[in-house]
Structures are given as structure tokens and as C-alpha cells.
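One structure is given below, encoded as C-alpha cells.
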Amino acid sequence: MRKAFLIGCMALAALAWSGGCSNSQGTTESPVFITVSIDLQPGFINVAVPAPVQINTMTLASHAKDPTSVDTQGFSDVQINQYTVTFTRTDGGTIVPPPQTFGCGVLVPHDGTASLTNFPVLYASALSQAPFDQLFPYNGGIDRETGKNEIDMKFNITFYGTTVSGKRVQSDTASGLLTFQYAAAAPARAAR
């Protein structure tokens with residue numbers, strides 16, 4: 001009986017311990033955490049134009065977990081190596097592109113910022129694949145899941161890197177909205 005009681009207490013303690021931490025910045029051993037601000041978003045995307053979907057401006061900011069810390073040697077500077085982008089539908093549909101992973105070489109100084117310009121969130125080749133291929137006229141021009149001539153999605157972007165001292169860093173996840181439509185480009189006029 002006593003053994004069963006002790007096992008039950010240990011199970012309850014393990015449950016309480018596993019669900020008790022909600023500090024997402026504390027999940028890495030790094031002395032800093034990174035936040036992401038998406039200042040300018042692309043908004044409407046024309047799937048007829050085979051180009052990567054890019055974010056005009058993003059800002060990565062480094063914040064010390066201990067606000068009284070000072071890093072005069074630069075060991076807490078963060079080298080961002082890659083980022084991932086995942087998608088969810090906001091229009092009731094379920095088909096989304098697979099997660100996208102991009103390389104990146106950006107240094108974010110301790111308690112500093114780095115601005116990123118025209119970084120992609122979706123490869124150009126993805127615009128000709130599901131679910132966007134349904135928006136092309138030869139496929140009917142309508143998303144079969146929603147019956148609309150556009151696809152609305154939310155994207156989530158997370159950056160990964162290491163401090164100069166070798167501690168792993170994962171940024172907070174930032175989100176944005178994208179609307180995909182097909183708009184035929186007007187034909188160019190011939191010179192006379």
C-alpha cells in the first residue's frame with residue numbers, strides 16, 4: 001500500500017513538474033532570447049508570377065534573459081543560421097505547402113537588432129503546387145476546398161542559431177497573413 005502511495009505521489013510530482021514551466025525563452029541554455037518583428041508583409045500574392053514570396057522587412061532583436069548582464073566580449077552575440085516557415089489556412093481549407101526551411105547568415109548583437117530585407121517565406125516553385133495550382137485558369141481557377149478564387153493563409157516563422165559561445169538559440173515565433181490569387185498579366189504592346 002505504501003509503495004503504491006509513493007508511486008502515485010511521484011507520478012503527480014512529475015506531472016506538476018512537466019506542465020509548470022511556461023517561459024518559452026527559458027527553454028534554451030542561451031543567455032539571450034530573440035524576438036521577431038515583421039514590419040512590412042507582402043499581403044496579396046499573384047500565383048501567376050513565378051517568384052519567391054518574400055517579407056519586405058523583418059527585425060530580429062536580442063534580449064538578455066538577465067537584464068543586469070553585460071557582454072563586453074561578444075560571447076552572447078547570436079549567429080542566425082536558418083529559419084523555418086509553416087503554414088495554416090485561415091479560410092477553412094486544409095491543404096497547405098510543406099514547411100519551408102531557408103539558410104541565413106545574420107549576426108544579432110547582444111541586446112541589439114538586425115534588419116532583414118526581402119527574405120523568402122515560400123519558394124517560387126511552391127506557387128505551382130498544391131493548393132495554389134487550383135487557382136490557375138486551366139485548373140478551374142477555384143480552390144476546391146473553399147469554392148473561392150483565393151487562398152488565405154497564416155505563416156509562422158522561427159529563427160535558429162547559436163551564440164558565439166556555442167549556446168543554441170531559437171527565436172519566438174512570429175506570424176503574418178498572406179492571400180494568394182491568380183491575376184493574369186496584361187500582354188505587352190508591340191512597338192510601332
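Residue numbering restarts at 1 in every chain; chains get A, B, ... in the order shown in the C-alpha cells, and ligands count up from 1 in that same order.
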
Determine, for each residue of range 116-152 of chain A having at least one atom at most 12 Å from an atom of range 59-63 of chain A, the closest pair of atoms and their separation in Å to one decimal, counting only C-alpha atoms; order by chain and ascending number, as JSON lines.
```
{"residue": "A:Leu116", "atom": "CA", "partner": "A:Thr59", "partner_atom": "CA", "distance": 6.1}
{"residue": "A:Thr117", "atom": "CA", "partner": "A:Thr59", "partner_atom": "CA", "distance": 8.9}
{"residue": "A:Asn118", "atom": "CA", "partner": "A:Thr59", "partner_atom": "CA", "distance": 11.6}
{"residue": "A:Phe119", "atom": "CA", "partner": "A:Thr59", "partner_atom": "CA", "distance": 11.1}
```

Please produce a file of those selected residues containing C-alpha atoms, as a tab-separated table (two decimals), in the first residue's frame.
```
chain	number	residue	atom	x	y	z
A	116	LEU	CA	16.39	41.57	-42.76
A	117	THR	CA	15.19	42.73	-46.16
A	118	ASN	CA	13.43	40.58	-48.78
A	119	PHE	CA	13.90	37.25	-47.01
```

Out of A:Asn46, A:Thr72, A:Thr90, A:Ser30, which residue has the shortest atom-to-atom distance to Lys167 in chain A when counting only C-alpha atoms?
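Closest to Lys167 in chain A, using only C-alpha atoms: A:Ser30.
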
- [ ] Can you pull out every residue within 10 Å of Leu40 in chain A, counting only C-alpha atoms, but drop anything in the same chain fewer than 6 positions away, and send it as a list in words?
- [x]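 Everything that qualifies: Ile55, Asn56, Thr57, Met58, Thr117, Asn118 and Gly176 of chain A.
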
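Omitting Phe155 in chain A and its sequence neighbours fewer than 3 positions away, and counting only C-alpha atoms, the residues within 9 Å are A:Val85, A:Thr86, A:Phe87, A:Thr88, A:Arg89, A:Val121, A:Ala174, A:Ser175, A:Gly176, A:Leu177, A:Leu178.
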
| For range 64-66 of chain A: contacts at 7 Å, only C-alpha atoms, fewer than 2 positions along chain excluded, given as a ChimeraX atom specification | /A:31-33,62,68-69,111

- Write down as a ChimeraX atom specification the residues of range 10-190 of chain A whose backbone DSSP state falls under strand (DSSP E). /A:32-40,43-46,53-64,78-89,100-108,113-122,150-163,168-170,174-181

Alpha helix (DSSP H) positions in chain A, given as a list in words: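 Selecting the alpha helix (DSSP H) positions of chain A gives Arg2, Lys3, Ala4, Phe5, Leu6, Ile7, Gly8, Cys9, Met10, Ala11, Leu12, Ala13, Ala14, Leu15, Ala16, Trp17, Ser18 and Gly19 of chain A.
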
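In this structure, CA of Gln181 in chain A sits 27.1 Å away from CA of Val36 in chain A.
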
| said: For a test of reading the model, state the distance in Å between CA of Asn156 in chain A and CA of Ser115 in chain A, rounded to one decimal. | reply: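 Answer for the CA of Asn156 in chain A to CA of Ser115 in chain A separation: 18.0 Å.
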
Selection near Pro50 in chain A, 10 Å with only C-alpha atoms, sequence-local residues under 3 positions removed, as a VMD selection string:
chain A and resid 46 to 47 53 123 to 128

Emit the selected residues as a tab-separated table (two decimals), in the first residue's frame, including C-alpha atoms.
```tsv
chain	number	residue	atom	x	y	z
A	46	ASN	CA	-0.19	36.70	-57.52
A	47	VAL	CA	0.43	32.99	-58.23
A	53	VAL	CA	7.21	35.11	-51.62
A	123	TYR	CA	9.89	29.11	-52.68
A	124	ALA	CA	8.75	30.18	-56.17
A	125	SER	CA	8.25	26.53	-57.15
A	126	ALA	CA	5.64	26.13	-54.39
A	127	LEU	CA	3.29	28.52	-56.23
A	128	SER	CA	2.75	25.92	-58.96
```

Quick check, in Å to one decimal: how far apart do CA of Ala48 in chain A and CA of Phe102 in chain A lie?
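Separating CA of Ala48 in chain A from CA of Phe102 in chain A is a distance of 22.9 Å.
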
If we count only C-alpha atoms and set the cut-off at 12 Å, which residues sit around Tyr83 in chain A, ignoring sequence neighbours fewer than 4 positions away in its own chain? Please answer as a PDB file with N, CA and C atoms, in the first residue's frame.
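Output saved as part-v4.pdb:
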```pdb
ATOM      1  N   VAL A  36      11.042  38.473 -32.964  1.00  0.00           N
ATOM      2  CA  VAL A  36      10.936  38.768 -34.391  1.00  0.00           C
ATOM      3  C   VAL A  36       9.790  39.736 -34.604  1.00  0.00           C
ATOM      4  N   LEU A  60      15.063  41.357 -36.153  1.00  0.00           N
ATOM      5  CA  LEU A  60      15.382  40.422 -35.080  1.00  0.00           C
ATOM      6  C   LEU A  60      16.025  41.226 -33.955  1.00  0.00           C
ATOM      7  N   GLN A  79      24.529  34.168 -33.934  1.00  0.00           N
ATOM      8  CA  GLN A  79      24.639  33.895 -35.358  1.00  0.00           C
ATOM      9  C   GLN A  79      23.414  33.091 -35.763  1.00  0.00           C
ATOM     10  N   PRO A  99       6.373  22.556 -44.781  1.00  0.00           N
ATOM     11  CA  PRO A  99       7.244  23.542 -44.118  1.00  0.00           C
ATOM     12  C   PRO A  99       8.434  23.887 -45.000  1.00  0.00           C
ATOM     13  N   GLN A 100       8.801  25.136 -44.998  1.00  0.00           N
ATOM     14  CA  GLN A 100       9.914  25.638 -45.803  1.00  0.00           C
ATOM     15  C   GLN A 100      11.077  25.952 -44.859  1.00  0.00           C
ATOM     16  N   THR A 101      12.289  25.584 -45.246  1.00  0.00           N
ATOM     17  CA  THR A 101      13.483  25.891 -44.450  1.00  0.00           C
ATOM     18  C   THR A 101      14.448  26.663 -45.331  1.00  0.00           C
ATOM     19  N   PHE A 102      14.971  27.748 -44.789  1.00  0.00           N
ATOM     20  CA  PHE A 102      15.874  28.621 -45.531  1.00  0.00           C
ATOM     21  C   PHE A 102      17.146  28.840 -44.705  1.00  0.00           C
ATOM     22  N   GLY A 103      18.271  28.905 -45.390  1.00  0.00           N
ATOM     23  CA  GLY A 103      19.518  29.261 -44.738  1.00  0.00           C
ATOM     24  C   GLY A 103      19.615  30.770 -44.585  1.00  0.00           C
ATOM     25  N   CYS A 104      20.392  31.182 -43.618  1.00  0.00           N
ATOM     26  CA  CYS A 104      20.529  32.628 -43.393  1.00  0.00           C
ATOM     27  C   CYS A 104      21.792  32.855 -42.586  1.00  0.00           C
ATOM     28  N   GLY A 105      22.466  33.914 -42.852  1.00  0.00           N
ATOM     29  CA  GLY A 105      23.688  34.246 -42.134  1.00  0.00           C
ATOM     30  C   GLY A 105      23.609  35.648 -41.579  1.00  0.00           C
ATOM     31  N   VAL A 106      22.952  35.787 -40.440  1.00  0.00           N
ATOM     32  CA  VAL A 106      22.728  37.104 -39.852  1.00  0.00           C
ATOM     33  C   VAL A 106      23.268  37.099 -38.428  1.00  0.00           C
ATOM     34  N   PHE A 119      13.621  38.638 -47.325  1.00  0.00           N
ATOM     35  CA  PHE A 119      13.900  37.246 -47.014  1.00  0.00           C
ATOM     36  C   PHE A 119      12.679  36.416 -47.398  1.00  0.00           C
ATOM     37  N   PRO A 120      12.870  35.279 -48.090  1.00  0.00           N
ATOM     38  CA  PRO A 120      11.731  34.483 -48.574  1.00  0.00           C
ATOM     39  C   PRO A 120      11.045  33.694 -47.461  1.00  0.00           C
ATOM     40  N   VAL A 121       9.750  33.456 -47.657  1.00  0.00           N
ATOM     41  CA  VAL A 121       8.988  32.564 -46.781  1.00  0.00           C
ATOM     42  C   VAL A 121       8.373  31.414 -47.569  1.00  0.00           C
ATOM     43  N   LEU A 122       8.434  31.493 -48.899  1.00  0.00           N
ATOM     44  CA  LEU A 122       7.892  30.439 -49.748  1.00  0.00           C
ATOM     45  C   LEU A 122       8.680  30.422 -51.054  1.00  0.00           C
ATOM     46  N   ASN A 156       3.930  31.109 -40.033  1.00  0.00           N
ATOM     47  CA  ASN A 156       4.658  31.213 -38.763  1.00  0.00           C
ATOM     48  C   ASN A 156       6.134  31.036 -39.068  1.00  0.00           C
ATOM     49  N   ILE A 157       6.958  31.955 -38.583  1.00  0.00           N
ATOM     50  CA  ILE A 157       8.387  31.928 -38.883  1.00  0.00           C
ATOM     51  C   ILE A 157       9.187  31.883 -37.587  1.00  0.00           C
ATOM     52  N   THR A 158      10.164  30.966 -37.542  1.00  0.00           N
ATOM     53  CA  THR A 158      11.012  30.792 -36.361  1.00  0.00           C
ATOM     54  C   THR A 158      12.461  30.723 -36.819  1.00  0.00           C
ATOM     55  N   PHE A 159      13.333  31.456 -36.144  1.00  0.00           N
ATOM     56  CA  PHE A 159      14.757  31.508 -36.470  1.00  0.00           C
ATOM     57  C   PHE A 159      15.559  30.654 -35.490  1.00  0.00           C
ATOM     58  N   TYR A 160      16.661  30.061 -35.999  1.00  0.00           N
ATOM     59  CA  TYR A 160      17.520  29.197 -35.189  1.00  0.00           C
ATOM     60  C   TYR A 160      18.968  29.619 -35.373  1.00  0.00           C
ATOM     61  N   GLY A 161      19.729  29.557 -34.285  1.00  0.00           N
ATOM     62  CA  GLY A 161      21.140  29.896 -34.369  1.00  0.00           C
ATOM     63  C   GLY A 161      21.864  29.518 -33.105  1.00  0.00           C
ATOM     64  N   VAL A 169      20.077  28.877 -29.788  1.00  0.00           N
ATOM     65  CA  VAL A 169      19.067  29.917 -29.635  1.00  0.00           C
ATOM     66  C   VAL A 169      17.943  29.648 -30.630  1.00  0.00           C
ATOM     67  N   GLN A 170      16.720  29.742 -30.152  1.00  0.00           N
ATOM     68  CA  GLN A 170      15.533  29.654 -31.008  1.00  0.00           C
ATOM     69  C   GLN A 170      14.704  30.894 -30.732  1.00  0.00           C
ATOM     70  N   SER A 171      14.301  31.587 -31.795  1.00  0.00           N
ATOM     71  CA  SER A 171      13.536  32.824 -31.616  1.00  0.00           C
ATOM     72  C   SER A 171      12.102  32.525 -31.222  1.00  0.00           C
ATOM     73  N   ASP A 172      11.423  33.568 -30.751  1.00  0.00           N
ATOM     74  CA  ASP A 172       9.976  33.488 -30.626  1.00  0.00           C
ATOM     75  C   ASP A 172       9.428  33.318 -32.040  1.00  0.00           C
ATOM     76  N   THR A 173       8.238  32.764 -32.159  1.00  0.00           N
ATOM     77  CA  THR A 173       7.624  32.585 -33.470  1.00  0.00           C
ATOM     78  C   THR A 173       6.784  33.806 -33.808  1.00  0.00           C
ATOM     79  N   ALA A 174       7.018  34.356 -34.986  1.00  0.00           N
ATOM     80  CA  ALA A 174       6.229  35.489 -35.468  1.00  0.00           C
ATOM     81  C   ALA A 174       5.280  34.994 -36.553  1.00  0.00           C
TER      82      ALA A 174
END
```
